[in-house]
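Source file: run_28.txt (compact mmCIF, C-alpha atoms)
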```
# COMPACT_ATOMS: atom_id res chain seq x y z
CA MET A 116 102.75 65.00 42.39
CA ASN A 117 99.33 64.26 41.03
CA ALA A 118 97.82 64.60 44.49
CA LEU A 119 99.68 67.85 45.09
CA LEU A 120 98.36 69.38 41.89
CA ALA A 121 94.87 68.11 42.69
CA ILE A 122 94.83 70.05 45.96
CA VAL A 123 96.13 73.24 44.35
CA ALA A 124 93.64 72.95 41.47
CA ARG A 125 90.74 72.25 43.85
CA ASP A 126 91.52 75.23 46.10
CA ILE A 127 91.77 77.57 43.14
CA ARG A 128 88.55 76.23 41.67
CA LEU A 129 86.75 76.62 45.01
CA ALA A 130 88.03 80.18 45.37
CA ALA A 131 86.95 81.01 41.82
CA ARG A 132 83.43 79.70 42.50
CA SER A 133 82.95 81.52 45.79
CA GLY A 134 84.79 84.58 44.54
CA GLY A 135 84.18 87.08 47.33
CA ASP A 136 86.86 85.99 49.78
CA ALA A 137 89.93 86.60 47.66
CA LEU A 138 88.46 89.85 46.38
CA THR A 139 87.85 91.14 49.91
CA LEU A 140 91.52 90.81 50.77
CA VAL A 141 92.55 92.65 47.63
CA LEU A 142 90.11 95.45 48.44
CA PHE A 143 91.45 95.61 51.99
CA PHE A 144 94.98 95.89 50.60
CA VAL A 145 94.02 98.76 48.33
CA MET A 146 92.02 100.49 51.06
CA VAL A 147 94.88 100.48 53.57
CA GLY A 148 96.99 102.16 50.92
CA ALA A 149 94.20 104.55 50.00
CA VAL A 150 93.53 105.86 53.52
CA VAL A 151 97.17 106.68 54.23
CA PRO A 152 97.22 109.91 52.14
CA PHE A 153 94.19 111.07 54.11
CA ALA A 154 96.03 110.43 57.36
CA ILE A 155 99.41 111.95 56.58
CA GLY A 156 98.38 114.59 54.07
CA PRO A 157 98.78 114.82 50.32
CA ASP A 158 102.43 115.88 50.33
CA LYS A 159 103.74 113.99 47.30
CA LEU A 160 107.38 113.87 48.38
CA GLN A 161 106.57 112.58 51.82
CA LEU A 162 104.14 109.99 50.38
CA ALA A 163 106.72 108.75 47.90
CA ARG A 164 109.26 108.37 50.68
CA LEU A 165 106.85 106.36 52.86
CA ALA A 166 105.27 104.41 50.00
CA PRO A 167 107.36 101.18 50.17
CA GLY A 168 106.67 100.85 53.88
CA ILE A 169 102.97 101.48 53.39
CA VAL A 170 102.69 98.91 50.61
CA TRP A 171 104.46 96.36 52.80
CA ILE A 172 102.24 97.08 55.80
CA ALA A 173 99.14 96.76 53.62
CA ALA A 174 100.33 93.47 52.14
CA PHE A 175 101.42 92.21 55.55
CA LEU A 176 98.05 92.97 57.18
CA SER A 177 95.91 91.58 54.39
CA MET A 178 97.93 88.36 54.25
CA LEU A 179 97.68 87.92 58.02
CA LEU A 180 93.94 88.48 57.88
CA GLY A 181 93.52 85.78 55.24
CA LEU A 182 95.33 83.17 57.31
CA ASP A 183 92.38 81.85 59.23
CA ARG A 184 90.89 80.44 56.03
CA LEU A 185 93.86 78.21 55.28
CA PHE A 186 92.64 75.03 56.97
CA ARG A 187 89.31 76.17 58.43
CA ALA A 188 86.96 75.00 55.67
CA ASP A 189 88.71 71.65 55.29
CA ASP A 190 88.53 71.12 59.04
CA GLU A 191 84.84 71.92 59.24
CA ASP A 192 83.68 69.46 56.58
CA GLY A 193 85.95 66.60 57.61
CA THR A 194 88.33 66.85 54.66
CA LEU A 195 91.28 67.49 56.95
CA LEU A 196 90.80 64.10 58.65
CA LEU A 197 90.81 62.33 55.31
CA PHE A 198 93.97 64.14 54.21
CA ARG A 199 95.74 61.83 56.68
CA HIS A 200 95.16 58.90 54.36
CA ALA A 201 96.17 60.65 51.17
CA ALA A 202 98.76 59.13 48.89
CA LEU A 203 101.12 61.90 49.94
CA PRO A 204 102.25 62.68 53.48
CA LEU A 205 100.49 65.38 55.50
CA GLU A 206 103.55 67.60 55.01
CA GLY A 207 102.96 67.37 51.28
CA VAL A 208 99.31 68.29 51.76
CA VAL A 209 100.34 71.37 53.75
CA PHE A 210 102.85 72.29 51.05
CA ALA A 211 100.11 72.08 48.41
CA LYS A 212 97.81 74.22 50.56
CA LEU A 213 100.68 76.68 50.97
CA ILE A 214 101.13 77.02 47.21
CA ALA A 215 97.40 77.43 46.66
CA HIS A 216 97.11 79.98 49.44
CA TRP A 217 100.01 82.01 48.09
CA LEU A 218 98.45 82.00 44.63
CA LEU A 219 95.11 83.11 46.09
CA THR A 220 96.21 85.72 48.63
CA ALA A 221 99.68 87.01 47.71
CA LEU A 222 99.60 86.96 43.93
CA PRO A 223 96.44 89.10 43.65
CA LEU A 224 98.07 91.71 45.92
CA ILE A 225 101.13 91.81 43.72
CA VAL A 226 98.92 92.14 40.65
CA VAL A 227 97.03 95.15 42.03
CA SER A 228 100.11 96.81 43.52
CA PRO A 229 100.29 99.31 40.59
CA VAL A 230 97.06 100.83 41.92
CA LEU A 231 98.76 101.51 45.23
CA ALA A 232 101.82 102.81 43.42
CA ILE A 233 99.66 105.45 41.74
CA LEU A 234 97.80 106.33 44.93
CA LEU A 235 101.06 106.80 46.81
CA ALA A 236 102.93 108.67 44.06
CA MET A 237 105.61 106.02 43.70
CA ASP A 238 108.06 106.33 40.86
CA TRP A 239 108.69 103.57 38.37
CA THR A 240 111.91 102.17 39.83
CA THR A 241 110.60 102.12 43.39
CA TRP A 242 107.52 100.28 42.23
CA LEU A 243 109.64 97.67 40.43
CA ALA A 244 111.78 97.21 43.52
CA THR A 245 108.65 96.85 45.68
CA LEU A 246 107.22 94.30 43.28
CA LEU A 247 110.40 92.26 43.43
CA ALA A 248 110.54 92.48 47.22
CA LEU A 249 106.90 91.38 47.49
CA LEU A 250 107.56 88.42 45.18
CA CYS A 251 110.54 87.33 47.26
CA GLY A 252 109.05 87.99 50.68
CA THR A 253 105.40 86.93 50.56
CA PRO A 254 106.13 83.17 50.33
CA ALA A 255 107.70 83.42 53.79
CA LEU A 256 104.56 85.09 55.15
CA THR A 257 102.35 82.34 53.75
CA ALA A 258 104.68 79.62 54.97
CA LEU A 259 104.83 81.00 58.51
CA GLY A 260 101.08 81.42 58.30
CA THR A 261 100.56 77.69 57.77
CA ILE A 262 101.97 77.13 61.27
CA GLY A 263 99.66 79.68 62.85
CA ALA A 264 96.63 78.40 60.96
CA ALA A 265 97.43 74.77 61.78
CA ALA A 266 97.95 75.51 65.46
CA THR A 267 94.61 77.29 65.77
CA VAL A 268 92.47 75.15 63.48
CA SER A 269 90.90 73.18 66.33
CA LEU A 270 89.71 76.38 68.02
CA LYS A 271 86.28 76.93 66.59
CA ARG A 272 86.60 80.71 66.84
CA GLY A 273 90.29 81.07 66.17
CA GLY A 274 89.75 84.28 64.25
CA LEU A 275 92.65 86.61 64.81
CA LEU A 276 94.71 84.28 66.97
CA ALA A 277 96.75 82.87 64.09
CA PRO A 278 97.90 86.32 62.87
CA VAL A 279 98.81 87.36 66.42
CA LEU A 280 100.80 84.13 66.88
CA ILE A 281 102.93 84.46 63.80
CA LEU A 282 103.30 88.24 63.75
CA PRO A 283 106.55 88.24 65.76
CA LEU A 284 107.99 85.59 63.44
CA SER A 285 107.15 87.61 60.35
CA ILE A 286 108.79 90.85 61.45
CA PRO A 287 112.06 90.03 59.60
CA VAL A 288 110.09 89.82 56.36
CA LEU A 289 108.81 93.35 56.93
CA ILE A 290 112.23 94.72 57.87
CA PHE A 291 114.07 93.24 54.92
CA GLY A 292 111.15 93.77 52.57
CA VAL A 293 111.23 97.51 53.11
CA GLY A 294 115.01 97.39 53.28
CA ALA A 295 115.16 95.78 49.84
CA VAL A 296 113.13 98.63 48.37
CA ASN A 297 115.07 101.43 50.07
CA ALA A 298 118.49 99.93 49.35
CA PRO A 299 120.65 101.94 46.96
CA THR A 300 120.42 100.44 43.48
CA GLY A 301 122.86 97.66 42.89
CA SER A 302 123.06 96.39 46.46
CA GLY A 303 120.83 93.35 46.69
CA ALA A 304 121.79 92.05 50.12
CA ALA A 305 118.36 92.67 51.65
CA LEU A 306 116.65 91.06 48.68
CA LEU A 307 118.93 88.04 48.92
CA PHE A 308 118.23 87.72 52.62
CA LEU A 309 114.50 88.01 51.95
CA SER A 310 114.69 85.24 49.35
CA ALA A 311 116.73 83.03 51.64
CA PHE A 312 114.24 83.58 54.46
CA SER A 313 111.37 82.62 52.14
CA LEU A 314 113.10 79.48 50.89
CA VAL A 315 113.90 78.30 54.41
CA ALA A 316 110.39 79.08 55.63
CA VAL A 317 108.74 77.29 52.69
CA ALA A 318 110.98 74.27 53.23
CA PHE A 319 110.51 73.89 56.99
CA CYS A 320 107.12 75.32 57.86
CA PRO A 321 105.10 72.45 56.28
CA PHE A 322 106.72 70.06 58.75
CA ALA A 323 105.85 72.21 61.74
CA ALA A 324 102.32 72.83 60.44
CA ALA A 325 101.75 69.11 59.76
CA LEU A 326 102.85 68.33 63.30
CA ALA A 327 100.43 70.92 64.64
CA LEU A 328 97.61 69.41 62.54
CA ARG A 329 98.38 65.91 63.81
CA VAL A 330 98.28 67.09 67.41
CA SER A 331 95.10 69.10 66.90
CA GLY A 332 93.32 66.01 65.57
CA GLU A 333 93.68 64.26 68.93
CA MET B 233 96.74 25.68 39.50
CA SER B 234 96.71 26.64 43.12
CA PRO B 235 98.95 29.22 44.67
CA SER B 236 101.38 26.92 46.44
CA GLN B 237 102.80 29.55 48.76
CA ALA B 238 99.93 31.91 49.23
CA ALA B 239 100.89 35.24 50.71
CA PRO B 240 99.58 35.67 54.25
CA LYS B 241 96.16 37.27 54.39
CA PRO B 242 96.18 40.99 55.04
CA GLU B 243 95.22 41.52 58.64
CA LEU B 244 94.63 44.31 61.14
CA VAL B 245 95.73 43.28 64.61
CA LEU B 246 94.96 45.17 67.81
CA SER B 247 96.65 44.17 71.00
CA GLY B 248 96.10 45.59 74.46
CA LEU B 249 94.59 48.81 73.17
CA CYS B 250 93.67 51.41 75.79
CA LEU B 251 91.98 54.63 74.79
CA SER B 252 90.68 57.62 76.70
CA ARG B 253 89.14 60.95 75.80
CA GLY B 254 89.88 63.68 78.26
CA GLU B 255 89.95 62.16 81.72
CA ARG B 256 87.63 59.29 80.92
CA GLN B 257 88.93 55.89 79.94
CA LEU B 258 86.81 54.43 77.17
CA PHE B 259 88.18 50.91 77.12
CA SER B 260 91.33 49.09 78.05
CA GLU B 261 93.12 45.96 76.96
CA LEU B 262 91.13 45.60 73.79
CA SER B 263 92.62 42.91 71.59
CA PHE B 264 91.29 41.37 68.40
CA ALA B 265 92.25 40.82 64.80
CA VAL B 266 90.32 41.32 61.60
CA SER B 267 91.63 39.73 58.46
CA ALA B 268 90.78 40.24 54.82
CA GLY B 269 87.29 39.15 53.88
CA GLU B 270 85.88 39.75 57.36
CA VAL B 271 83.29 42.22 58.58
CA LEU B 272 83.40 43.41 62.18
CA PHE B 273 80.57 45.45 63.63
CA ILE B 274 81.41 47.62 66.60
CA ARG B 275 78.41 48.06 68.84
CA GLY B 276 77.71 49.76 72.10
CA PRO B 277 75.70 52.57 73.68
CA ASN B 278 76.36 56.25 72.93
CA GLY B 279 79.69 57.33 74.36
CA ALA B 280 81.06 53.80 74.53
CA GLY B 281 83.96 54.76 72.30
CA LYS B 282 82.93 53.33 68.94
CA SER B 283 83.92 56.41 66.97
CA SER B 284 87.06 56.89 69.04
CA LEU B 285 88.12 53.32 68.31
CA LEU B 286 87.67 53.95 64.59
CA LEU B 287 89.62 57.21 64.86
CA ALA B 288 92.43 55.34 66.60
CA LEU B 289 92.40 52.73 63.84
CA ALA B 290 92.50 55.54 61.30
CA GLY B 291 95.65 56.84 62.98
CA ILE B 292 94.07 60.09 64.11
CA LEU B 293 93.78 59.41 67.85
CA ARG B 294 96.81 58.09 69.63
CA PRO B 295 96.02 55.19 72.00
CA ASP B 296 97.25 55.43 75.60
CA ALA B 297 98.72 51.97 75.37
CA GLY B 298 98.71 48.99 73.06
CA THR B 299 99.47 48.62 69.39
CA ILE B 300 97.62 48.51 66.11
CA ALA B 301 99.47 46.53 63.49
CA TRP B 302 98.65 46.25 59.82
CA ARG B 303 99.98 43.14 58.15
CA ASP B 304 99.66 44.04 54.53
CA GLY B 305 100.00 40.52 53.12
CA GLY B 306 103.03 41.44 51.06
CA SER B 307 101.59 44.39 49.18
CA GLY B 308 103.83 46.85 51.00
CA THR B 309 101.25 49.54 51.72
CA GLU B 310 101.33 51.61 54.88
CA ARG B 311 98.24 51.47 57.09
CA GLY B 312 97.38 55.09 56.29
CA GLU B 313 97.48 54.52 52.57
CA ALA B 314 95.47 51.33 52.88
CA THR B 315 92.64 52.99 54.79
CA HIS B 316 89.31 54.44 53.80
CA PHE B 317 87.65 56.32 56.63
CA LEU B 318 83.98 57.31 56.50
CA GLY B 319 83.22 59.59 59.41
CA HIS B 320 80.31 61.71 60.53
CA LEU B 321 81.43 64.59 58.33
CA PRO B 322 80.96 64.02 54.62
CA ALA B 323 84.15 65.78 53.37
CA VAL B 324 82.11 66.98 50.42
CA LYS B 325 82.67 70.44 48.97
CA PRO B 326 79.28 72.02 48.23
CA ARG B 327 80.64 74.25 45.46
CA LEU B 328 82.18 71.37 43.48
CA THR B 329 80.14 69.06 41.29
CA LEU B 330 79.75 65.43 42.28
CA VAL B 331 82.26 64.28 39.68
CA GLU B 332 84.75 66.98 40.70
CA ASN B 333 84.45 65.93 44.33
CA LEU B 334 85.14 62.30 43.46
CA SER B 335 87.92 63.07 40.96
CA PHE B 336 89.67 65.10 43.65
CA TRP B 337 89.68 62.16 46.03
CA ALA B 338 90.71 59.79 43.27
CA ALA B 339 93.76 61.95 42.56
CA LEU B 340 94.54 62.36 46.25
CA TYR B 341 94.06 58.70 47.17
CA GLY B 342 95.91 57.29 44.19
CA GLY B 343 92.86 56.01 42.32
CA GLY B 344 92.83 52.45 41.13
CA GLY B 345 89.09 52.11 41.68
CA LEU B 346 86.00 52.87 39.67
CA ALA B 347 85.63 55.92 37.45
CA PRO B 348 83.63 58.70 39.17
CA GLU B 349 80.57 58.24 36.94
CA THR B 350 80.52 54.48 37.55
CA ALA B 351 80.91 54.98 41.29
CA LEU B 352 77.96 57.40 41.26
CA GLU B 353 75.83 54.84 39.42
CA GLU B 354 76.85 52.27 41.98
CA VAL B 355 75.54 54.36 44.90
CA GLY B 356 72.34 55.41 43.14
CA LEU B 357 73.32 58.91 42.07
CA ALA B 358 73.48 58.19 38.35
CA GLY B 359 73.05 61.21 36.12
CA LEU B 360 73.76 63.77 38.85
CA GLY B 361 77.48 64.01 38.13
CA ALA B 362 77.40 67.60 36.87
CA LEU B 363 75.33 68.89 39.79
CA GLU B 364 76.96 70.98 42.52
CA ALA B 365 77.12 68.88 45.68
CA GLY B 366 75.53 71.66 47.72
CA HIS B 367 72.18 70.85 46.12
CA LEU B 368 72.12 67.28 47.45
CA SER B 369 69.97 66.14 50.36
CA ALA B 370 71.57 64.72 53.51
CA GLY B 371 71.00 61.16 52.33
CA GLN B 372 72.38 61.88 48.88
CA THR B 373 75.45 63.54 50.42
CA ARG B 374 75.97 60.36 52.43
CA ARG B 375 75.74 58.32 49.24
CA LEU B 376 78.34 60.58 47.65
CA ALA B 377 80.62 59.96 50.64
CA LEU B 378 80.07 56.21 50.12
CA ALA B 379 81.05 56.60 46.46
CA ARG B 380 84.42 57.85 47.67
CA LEU B 381 85.09 54.35 49.01
CA LEU B 382 84.80 52.99 45.49
CA ILE B 383 86.97 55.39 43.50
CA ALA B 384 90.21 54.30 45.19
CA GLU B 385 90.86 50.67 45.94
CA ARG B 386 91.96 50.31 49.55
CA PRO B 387 91.71 47.18 51.71
CA ILE B 388 90.72 48.70 55.07
CA TRP B 389 87.30 50.30 55.38
CA LEU B 390 86.53 52.07 58.65
CA LEU B 391 82.89 53.13 58.62
CA ASP B 392 81.32 55.25 61.34
CA GLU B 393 77.53 54.91 61.24
CA PRO B 394 77.53 54.24 57.49
CA THR B 395 73.73 54.12 57.34
CA ALA B 396 73.14 57.49 59.02
CA ALA B 397 70.67 59.62 57.02
CA LEU B 398 70.07 56.80 54.53
CA ASP B 399 66.67 55.33 53.59
CA ALA B 400 65.86 51.60 53.64
CA GLU B 401 67.16 51.23 50.11
CA GLY B 402 70.35 52.99 51.20
CA GLU B 403 70.87 50.56 54.06
CA LYS B 404 70.68 47.67 51.60
CA LEU B 405 73.17 49.55 49.43
CA VAL B 406 75.66 49.77 52.33
CA GLY B 407 75.23 46.02 52.87
CA ARG B 408 75.88 45.35 49.19
CA LEU B 409 78.99 47.57 49.14
CA ILE B 410 80.41 45.91 52.25
CA ALA B 411 79.73 42.42 50.87
CA ALA B 412 81.33 43.30 47.54
CA HIS B 413 84.37 44.75 49.28
CA CYS B 414 84.89 41.57 51.31
CA ALA B 415 84.41 39.24 48.36
CA ALA B 416 87.12 37.87 46.10
CA PRO B 417 89.29 38.46 44.10
CA LYS B 418 90.99 41.05 46.34
CA PRO B 419 89.05 40.89 49.58
CA GLY B 420 89.29 43.79 51.97
CA LEU B 421 88.20 44.10 55.56
CA VAL B 422 85.46 46.26 57.03
CA MET B 423 85.00 47.61 60.53
CA ALA B 424 81.78 49.49 61.05
CA ALA B 425 80.37 51.21 64.10
CA THR B 426 76.62 50.93 63.90
CA HIS B 427 73.37 50.86 65.83
CA GLN B 428 71.30 49.45 63.03
CA ASP B 429 71.48 46.00 61.59
CA ILE B 430 72.97 46.27 58.16
CA PRO B 431 71.59 43.53 55.93
CA LEU B 432 74.54 41.39 54.90
CA PRO B 433 74.47 38.22 52.81
CA GLY B 434 77.61 36.79 54.42
CA ALA B 435 78.72 36.25 57.98
CA SER B 436 79.92 38.99 60.27
CA ARG B 437 81.29 39.36 63.77
CA SER B 438 80.46 41.92 66.41
CA ILE B 439 82.20 43.33 69.41
CA MET B 440 80.43 45.17 72.16
CA LEU B 441 82.03 48.22 73.71
CA GLY B 442 81.14 49.71 77.06
CA ALA B 443 79.50 46.49 78.27
CA THR B 444 81.04 46.88 81.72
CA PRO B 445 79.67 49.70 83.88
```

Could you quickly redo this structure as structure tokens?
Amino acid sequence: MNALLAIVARDIRLAARSGGDALTLVLFFVMVGAVVPFAIGPDKLQLARLAPGIVWIAAFLSMLLGLDRLFRADDEDGTLLLFRHAALPLEGVVFAKLIAHWLLTALPLIVVSPVLAILLAMDWTTWLATLLALLCGTPALTALGTIGAAATVSLKRGGLLAPVLILPLSIPVLIFGVGAVNAPTGSGAALLFLSAFSLVAVAFCPFAAALALRVSGE
Amino acid sequence: MSPSQAAPKPELVLSGLCLSRGERQLFSELSFAVSAGEVLFIRGPNGAGKSSLLLALAGILRPDAGTIAWRDGGSGTERGEATHFLGHLPAVKPRLTLVENLSFWAALYGGGGLAPETALEEVGLAGLGALEAGHLSAGQTRRLALARLLIAERPIWLLDEPTAALDAEGEKLVGRLIAAHCAAPKPGLVMAATHQDIPLPGASRSIMLGATP
């Protein structure tokens, strides 16, 4: 437990000191949302109708783009090798990295989502539903991302490979994420499915990612 | 008062180890044992497989054949959790201070060793604890990596070129650390791949890799 918290605290501290990275993703998220009105025209009704989908696409893309960083820095300075000897199993290390990565890439997006809501002329209830859907769905994206990042960590220029690898796996998150927002009020089936998907992904992905890390070390 | 039924000495036993990287076989049928209190130097020309052997002992490379067994002497620790590995890469975060770097590893490795400040004093970095590690020189970074060995007490030390980037004083320091680790009351064992002679007060053994063409 101590070791788990130490990893989360270290990653957050490192991100706070280097700053730029997390901020870039947030800016990217806002920019994707901001360019859409230019592309489809300033029709408020149409924008409001498309808004949940646009917010999800923006969040989806910026989270995928941030994936490469998950294990890269630790691999480059040798920390990843030493994680093998930690007082918690490699799966636990991945789980801690997952939590830290969610806090650093998903939470900021959720925090700035009101900006997008204004840009896209969302109403109050739609925004609340989007917020809830993002909270329930983004853990699955991060969890699936650990597999992609772990599988590509030994490639020195992995770059966009990890996002491309896990994109097909993450499609259900997008479908049910938008579905949860568009559902008529009172029917929470999509939201429940989204939460279930996240829980399963968070529970199982660390094992797959740890296996990928073990193999990549050889 | 003597311990009538002393627990067996902790011991690392290799038997019939074969290892290859890519297509090339590095060595085969390597068998030896290192027990607590012993120092084993692994020598050999570049590419002989010194680092690979250490990586296999660290559980990172899987040998083609043979076994590596850790007899813990009754303490019940797994090999992974009994191991300190010092590789070519320092595993130091430049944006964290020296003390933060060491505290992180103490938390991750279960501690039980020196306090970070004491460990820094021990490796000759006293008073630099609040400095960001990115400002250190290569030799100082190496010393910081050595300090990591001290903040968590673990019996097996696997050192890959521990004196790389260190000055003459640093080489003596490595010798002192190794000697202290192998001394009573809880002796550990050290395996070090090295080209240089590390000054050691006690006895040590060596194996030569890649001796056959």

Distance criterion (all atoms listed in the file): nearest to chain A out of B:Ser267, B:Asn333, B:Asn278, B:Ser283: B:Asn333

Between atom CA of A:Leu140 and atom CA of A:Gly181 - distance in Å to one decimal: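 For atom CA of A:Gly181 relative to atom CA of A:Leu140, the distance reads 7.0 Å.
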
Atom pair atom CA of B:Pro326 / atom CA of B:His367: separation (Å): 7.5 Å

Nearest to A:Thr139 by atom-to-atom distance, counting all atoms listed in the file, from A:Ala258, A:Val296, A:Val268, A:Leu219: A:Leu219

Shell around stretch 253-257 of chain A at 7 Å using all atoms listed in the file, local window under 3 positions removed, as a VMD selection string: chain A and resid 213 217 221 249 to 250 260 to 261 285 312 to 313 316 to 317

Residues within 10 Å of stretch 298-310 of chain B, only C-alpha atoms, excluding chain neighbours under 4 positions, as a VMD selection string: (chain A and resid 200 202) or (chain B and resid 238 to 251 260 to 268 288 to 291 294 314 to 315 386 to 388)

Kindly export the residues of the current selection with C-alpha atoms, as an mmCIF file, in the coordinates of the input.
```
data_model
loop_
_atom_site.group_PDB
_atom_site.id
_atom_site.type_symbol
_atom_site.label_atom_id
_atom_site.label_comp_id
_atom_site.auth_asym_id
_atom_site.auth_seq_id
_atom_site.Cartn_x
_atom_site.Cartn_y
_atom_site.Cartn_z
ATOM 1 C CA HIS A 200 95.160 58.900 54.360
ATOM 2 C CA ALA A 202 98.760 59.130 48.890
ATOM 3 C CA ALA B 238 99.930 31.910 49.230
ATOM 4 C CA ALA B 239 100.890 35.240 50.710
ATOM 5 C CA PRO B 240 99.580 35.670 54.250
ATOM 6 C CA LYS B 241 96.160 37.270 54.390
ATOM 7 C CA PRO B 242 96.180 40.990 55.040
ATOM 8 C CA GLU B 243 95.220 41.520 58.640
ATOM 9 C CA LEU B 244 94.630 44.310 61.140
ATOM 10 C CA VAL B 245 95.730 43.280 64.610
ATOM 11 C CA LEU B 246 94.960 45.170 67.810
ATOM 12 C CA SER B 247 96.650 44.170 71.000
ATOM 13 C CA GLY B 248 96.100 45.590 74.460
ATOM 14 C CA LEU B 249 94.590 48.810 73.170
ATOM 15 C CA CYS B 250 93.670 51.410 75.790
ATOM 16 C CA LEU B 251 91.980 54.630 74.790
ATOM 17 C CA SER B 260 91.330 49.090 78.050
ATOM 18 C CA GLU B 261 93.120 45.960 76.960
ATOM 19 C CA LEU B 262 91.130 45.600 73.790
ATOM 20 C CA SER B 263 92.620 42.910 71.590
ATOM 21 C CA PHE B 264 91.290 41.370 68.400
ATOM 22 C CA ALA B 265 92.250 40.820 64.800
ATOM 23 C CA VAL B 266 90.320 41.320 61.600
ATOM 24 C CA SER B 267 91.630 39.730 58.460
ATOM 25 C CA ALA B 268 90.780 40.240 54.820
ATOM 26 C CA ALA B 288 92.430 55.340 66.600
ATOM 27 C CA LEU B 289 92.400 52.730 63.840
ATOM 28 C CA ALA B 290 92.500 55.540 61.300
ATOM 29 C CA GLY B 291 95.650 56.840 62.980
ATOM 30 C CA ARG B 294 96.810 58.090 69.630
ATOM 31 C CA ALA B 314 95.470 51.330 52.880
ATOM 32 C CA THR B 315 92.640 52.990 54.790
ATOM 33 C CA ARG B 386 91.960 50.310 49.550
ATOM 34 C CA PRO B 387 91.710 47.180 51.710
ATOM 35 C CA ILE B 388 90.720 48.700 55.070
#
```

For chain A, the nearest of the candidates B:Ala400, B:Ala338, B:Leu286, B:Val406, counting only C-alpha atoms: B:Ala338

All residues 9 Å or closer to A:Asp189, all atoms listed in the file, same chain fewer than 5 positions away omitted, as a ChimeraX atom specification: /A:194-196 /B:323,325

Coordinates-based distance that separates atom CA of B:Leu421 from atom CA of B:Leu272 (Å, one decimal): 8.2 Å

Residue list for chain A near chain B as a PyMOL selection string, 10 Å, all atoms listed in the file: chain A and resi 116-122+124-125+128-133+188-204+208+329-333

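Checking A:Val151, A:Ala327, A:Leu275, A:Leu138 one by one against A:Gly168, counting only C-alpha atoms, you find the shortest gap at A:Val151.
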
Which of A:Ala215, A:Val150, A:Ala298, A:Ala277 sits closest to A:Ala137 [using only C-alpha atoms]: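 So, comparing all the options, the nearest one is A:Ala215.
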
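Among the candidate residues A:Arg187, A:Ala211, A:Ala244, A:Ala174, the one lying nearest to A:Phe143 is A:Ala174, with distances computed using only C-alpha atoms.
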
Test item: residues at most 8 Å from stretch 344-359 of chain B, all atoms listed in the file, excluding those fewer than 6 positions along its chain, as JSON, numbers by chain: {"B": [331, 334, 335, 338, 372, 375, 376, 378, 379, 380, 382, 383, 384, 385, 405]}

Okay, now the selection with C-alpha atoms, as a compact mmCIF listing (two decimals), in the coordinates of the input?
```txt
# COMPACT_ATOMS: atom_id res chain seq x y z
CA VAL B 331 82.26 64.28 39.68
CA LEU B 334 85.14 62.30 43.46
CA SER B 335 87.92 63.07 40.96
CA ALA B 338 90.71 59.79 43.27
CA GLN B 372 72.38 61.88 48.88
CA ARG B 375 75.74 58.32 49.24
CA LEU B 376 78.34 60.58 47.65
CA LEU B 378 80.07 56.21 50.12
CA ALA B 379 81.05 56.60 46.46
CA ARG B 380 84.42 57.85 47.67
CA LEU B 382 84.80 52.99 45.49
CA ILE B 383 86.97 55.39 43.50
CA ALA B 384 90.21 54.30 45.19
CA GLU B 385 90.86 50.67 45.94
CA LEU B 405 73.17 49.55 49.43
```

Spatial sel., origin (101.0, 86.0, 64.7), limit 10 Å, only C-alpha atoms, listed as a PyMOL selection string: chain A and resi 179+182+259-260+262-264+275-286

Atoms to include: C-alpha atoms. Write the selected residues as a tab-separated table (two decimals), in the coordinates of the input.
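The new file again-v2.tsv reads:
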```
chain	number	residue	atom	x	y	z
A	179	LEU	CA	97.68	87.92	58.02
A	182	LEU	CA	95.33	83.17	57.31
A	259	LEU	CA	104.83	81.00	58.51
A	260	GLY	CA	101.08	81.42	58.30
A	262	ILE	CA	101.97	77.13	61.27
A	263	GLY	CA	99.66	79.68	62.85
A	264	ALA	CA	96.63	78.40	60.96
A	275	LEU	CA	92.65	86.61	64.81
A	276	LEU	CA	94.71	84.28	66.97
A	277	ALA	CA	96.75	82.87	64.09
A	278	PRO	CA	97.90	86.32	62.87
A	279	VAL	CA	98.81	87.36	66.42
A	280	LEU	CA	100.80	84.13	66.88
A	281	ILE	CA	102.93	84.46	63.80
A	282	LEU	CA	103.30	88.24	63.75
A	283	PRO	CA	106.55	88.24	65.76
A	284	LEU	CA	107.99	85.59	63.44
A	285	SER	CA	107.15	87.61	60.35
A	286	ILE	CA	108.79	90.85	61.45
```

Residues within 7 Å of A:Leu328, all atoms listed in the file, excluding chain neighbours under 4 positions, as an MDAnalysis selection string: chainID A and resid 265:266 324 332

Taking the structure in the block just given, could you write stretch 433-437 of chain B with N, CA and C atoms, as a compact mmCIF listing (two decimals), in the first residue's frame?
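In the end it all went to decode.txt:
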```
# COMPACT_ATOMS: atom_id res chain seq x y z
N PRO B 433 39.03 -5.16 1.39
CA PRO B 433 39.84 -5.66 2.50
C PRO B 433 39.77 -7.19 2.63
N GLY B 434 38.64 -7.77 2.35
CA GLY B 434 38.49 -9.22 2.53
C GLY B 434 38.79 -9.99 1.27
N ALA B 435 38.48 -11.28 1.32
CA ALA B 435 38.72 -12.14 0.17
C ALA B 435 37.57 -12.04 -0.82
N SER B 436 37.85 -12.39 -2.05
CA SER B 436 36.80 -12.43 -3.05
C SER B 436 37.12 -13.51 -4.07
N ARG B 437 36.10 -13.94 -4.79
CA ARG B 437 36.31 -14.92 -5.86
C ARG B 437 36.03 -14.25 -7.18
```
